[in-house]
2 protein chains.
Amino acid sequence: MTNLPLPQTGSCPVATTVSLLSSKWKLLIVRDLLKGTKRYSELKQSVASVSQKRLTRSLRELEQDGLVLREVFPVIPPRVEYRLSPLGDSLRPLFSALKDWDLMYLDLKQKESS
Amino acid sequence: MTNLPLPQTGSCPVATTVSLLSSKWKLLIVRDLLKGTKRYSELKQSVASVSQKRLTRSLRELEQDGLVLREVFPVIPPRVEYRLSPLGDSLRPLFSALKDWDLMYLDLKQKESS
DNA sequence: CGGTATCCTAACAGATACTG
DNA sequence: CAGTATCTGTTAGGATACCG
């Protein structure tokens with residue numbers, strides 16, 4: 001289901017998001033790109049333990065889905081920058097909600113252990 | 001990464017959520033349980049195209065992670081009900097944000113094609 | 001630097017049969 | 001009904017080597 005043909009119109013929002021972002025790495029990539037433009041090597045660093053292959057593929061898919069923009073600078077050595085498209089950036093509130101939930105989660109786990 | 005040891009404390013919120021919910025089916029399961037208690041067979045129906053095996057495993061993992069509660073009724077034929085724990089239910093705002101984003105997404109896709 | 005191409009293994013899906 | 005067990009493909013992931 002990782003990359004269904006996109007026009008899943010009519011389907012539910014969760015299914016849409018799953019088709020766009022599930023594949024655990026994509027959320028992590030978008031998380032990093034929300035902080036700004038990143039080079040390939042920076043993403044390789046910050047998205048812990050992702051393999052080169054999967055990082056590249058995930059980026060390609062995010063690009064095809066219109067969430068990420070890829071810019072190649074014709075220099076040697078090569079320089080490739082990734083950043084969020086407006087659509088990708090519109091995910092920001094969702095990540096904010098995610099962060100809020102995490103706070104609640106940590107709080108609850110702490111009470112549990114006390 | 002599907003089931004990391006939970007105490008990922010110190011890690012980022014996105015990583016936490018990924019560890020809890022990534023594995024595409026889990027989001028779909030939680031989505032359905034947000035509507036209320038469901039029997040196994042109901043989930044099998046509404047979580048489209050999930051296999052019996054994977055549905056069971058996902059439910060077990062969600063249960064272990066404290067998001068889902070499982071109640072077995074000692075009757076014949078058996079009756080097993082699943083529902084969200086308070087922690088699981090606290091995901092509701094996140095799903096709401098997800099729905100909001102989907103609306104924006106659909107809107108943008110529509111403009112694109114016009 | 002930012003990738004492909006290749007090989008190999010681990011994880012997952014699907015079908016079927018069986019059980020309390 | 002709600003699973004478990006088993007067996008068999010497919011697909012995803014990791015490691016390595018190489019290239020413009």
# chains A, B, ... in the order shown; residues from 1 in each chain; ligands from 1
$ interface_residues --of "chain A" --to "chain C" --cutoff "9 Å" --atoms "only C-alpha atoms (C1' of nucleotides)" --output "PDB file with C-alpha atoms, in the first residue's frame"
ATOM      1  CA  TYR A  40      20.894  14.438   0.787  1.00  0.00           C
ATOM      2  CA  SER A  41      23.791  13.768   3.114  1.00  0.00           C
ATOM      3  CA  GLN A  52      20.821   4.880   1.215  1.00  0.00           C
ATOM      4  CA  LYS A  53      18.485   2.909  -0.975  1.00  0.00           C
ATOM      5  CA  THR A  56      16.522   7.704  -2.046  1.00  0.00           C
ATOM      6  CA  ILE A  76      31.222  19.062  -8.918  1.00  0.00           C
ATOM      7  CA  PRO A  77      30.934  17.461  -6.475  1.00  0.00           C
ATOM      8  CA  PRO A  78      27.167  17.278  -6.962  1.00  0.00           C
ATOM      9  CA  ARG A  79      24.839  19.114  -4.646  1.00  0.00           C
ATOM     10  CA  VAL A  80      21.216  18.096  -4.253  1.00  0.00           C
TER      11      VAL A  80
END
$ interface_residues --of "chain B" --to "chain A" --cutoff "6 Å" --atoms "only C-alpha atoms" --output "PDB file with all heavy atoms, in the first residue's frame"
ATOM      1  N   PRO B  13       9.085  13.129  19.077  1.00  0.00           N
ATOM      2  CA  PRO B  13       7.684  12.718  19.039  1.00  0.00           C
ATOM      3  C   PRO B  13       7.342  11.925  17.790  1.00  0.00           C
ATOM      4  O   PRO B  13       6.540  10.991  17.842  1.00  0.00           O
ATOM      5  CB  PRO B  13       6.928  14.049  19.002  1.00  0.00           C
ATOM      6  CG  PRO B  13       7.878  15.075  19.449  1.00  0.00           C
ATOM      7  CD  PRO B  13       9.242  14.578  19.158  1.00  0.00           C
ATOM      8  N   SER B  22       3.186   3.176  13.037  1.00  0.00           N
ATOM      9  CA  SER B  22       3.576   2.814  11.684  1.00  0.00           C
ATOM     10  C   SER B  22       3.499   1.307  11.591  1.00  0.00           C
ATOM     11  O   SER B  22       3.618   0.609  12.565  1.00  0.00           O
ATOM     12  CB  SER B  22       4.966   3.345  11.372  1.00  0.00           C
ATOM     13  OG  SER B  22       5.584   2.573  10.391  1.00  0.00           O
ATOM     14  N   LYS B  24       1.269   0.206   8.523  1.00  0.00           N
ATOM     15  CA  LYS B  24       0.066   0.839   7.973  1.00  0.00           C
ATOM     16  C   LYS B  24      -1.274   0.440   8.580  1.00  0.00           C
ATOM     17  O   LYS B  24      -2.153   1.268   8.728  1.00  0.00           O
ATOM     18  CB  LYS B  24       0.018   0.590   6.474  1.00  0.00           C
ATOM     19  CG  LYS B  24      -0.169  -0.874   6.092  1.00  0.00           C
ATOM     20  CD  LYS B  24      -0.095  -1.044   4.584  1.00  0.00           C
ATOM     21  CE  LYS B  24      -0.319  -2.496   4.196  1.00  0.00           C
ATOM     22  NZ  LYS B  24       0.091  -2.786   2.816  1.00  0.00           N
ATOM     23  N   LEU B  94      -5.242  13.900  16.931  1.00  0.00           N
ATOM     24  CA  LEU B  94      -4.298  13.640  15.858  1.00  0.00           C
ATOM     25  C   LEU B  94      -5.047  13.218  14.596  1.00  0.00           C
ATOM     26  O   LEU B  94      -4.734  13.665  13.484  1.00  0.00           O
ATOM     27  CB  LEU B  94      -3.332  12.543  16.297  1.00  0.00           C
ATOM     28  CG  LEU B  94      -1.951  12.589  15.657  1.00  0.00           C
ATOM     29  CD1 LEU B  94      -0.931  12.014  16.615  1.00  0.00           C
ATOM     30  CD2 LEU B  94      -1.930  11.840  14.355  1.00  0.00           C
ATOM     31  N   ALA B  97      -6.612  16.192  13.061  1.00  0.00           N
ATOM     32  CA  ALA B  97      -5.653  16.975  12.276  1.00  0.00           C
ATOM     33  C   ALA B  97      -5.408  16.327  10.926  1.00  0.00           C
ATOM     34  O   ALA B  97      -5.245  16.988   9.896  1.00  0.00           O
ATOM     35  CB  ALA B  97      -4.336  17.104  13.044  1.00  0.00           C
ATOM     36  N   LYS B  99      -7.535  14.532   9.309  1.00  0.00           N
ATOM     37  CA  LYS B  99      -8.711  14.753   8.480  1.00  0.00           C
ATOM     38  C   LYS B  99      -8.685  16.156   7.880  1.00  0.00           C
ATOM     39  O   LYS B  99      -8.999  16.362   6.702  1.00  0.00           O
ATOM     40  CB  LYS B  99      -9.968  14.565   9.341  1.00  0.00           C
ATOM     41  CG  LYS B  99     -11.260  14.445   8.563  1.00  0.00           C
ATOM     42  CD  LYS B  99     -12.399  14.138   9.531  1.00  0.00           C
ATOM     43  CE  LYS B  99     -13.742  14.551   8.970  1.00  0.00           C
ATOM     44  NZ  LYS B  99     -14.803  14.495  10.009  1.00  0.00           N
ATOM     45  N   ASP B 102      -6.331  16.260   5.042  1.00  0.00           N
ATOM     46  CA  ASP B 102      -6.877  15.594   3.871  1.00  0.00           C
ATOM     47  C   ASP B 102      -7.800  16.519   3.079  1.00  0.00           C
ATOM     48  O   ASP B 102      -7.768  16.538   1.847  1.00  0.00           O
ATOM     49  CB  ASP B 102      -7.637  14.336   4.289  1.00  0.00           C
ATOM     50  CG  ASP B 102      -8.058  13.518   3.074  1.00  0.00           C
ATOM     51  OD1 ASP B 102      -7.156  13.104   2.322  1.00  0.00           O
ATOM     52  OD2 ASP B 102      -9.259  13.312   2.878  1.00  0.00           O
TER      53      ASP B 102
END
$ interface_residues --of "chain D" --to "chain B" --cutoff "10 Å" --atoms "only C-alpha atoms (C1' of nucleotides)" --output "list of chain:residue names"
D:DC1, D:DA2, D:DG3, D:DT4
$ atom_distance --atom1 "CA of Val68 (chain B)" --atom2 "CA of Tyr82 (chain B)"
6.7 Å
$ atom_distance --atom1 "C1' of DG13 (chain D)" --atom2 "CA of Leu33 (chain A)"
23.4 Å
$ select_by_dssp --residues "chain B" --states "helix (DSSP H, G or I)" --output "JSON, numbers by chain"
{"B": [13, 14, 15, 16, 17, 18, 19, 20, 21, 25, 26, 27, 28, 29, 30, 31, 32, 33, 40, 41, 42, 43, 44, 45, 46, 52, 53, 54, 55, 56, 57, 58, 59, 60, 61, 62, 63, 64, 86, 87, 88, 89, 92, 93, 94, 95, 96, 97, 98, 99, 100, 101, 102, 103, 104, 105, 106, 107, 108, 109, 110, 111, 112]}
$ select_by_dssp --residues "region 58-107 of chain B" --states "strand (DSSP E)" --output "list in words"
Val68, Leu69, Arg70, Glu71, Val72, Phe73, Arg79, Val80, Glu81, Tyr82, Arg83 and Leu84 of chain B
$ atom_distance --atom1 "CA of Glu63 (chain B)" --atom2 "CA of Gly36 (chain B)"
15.8 Å
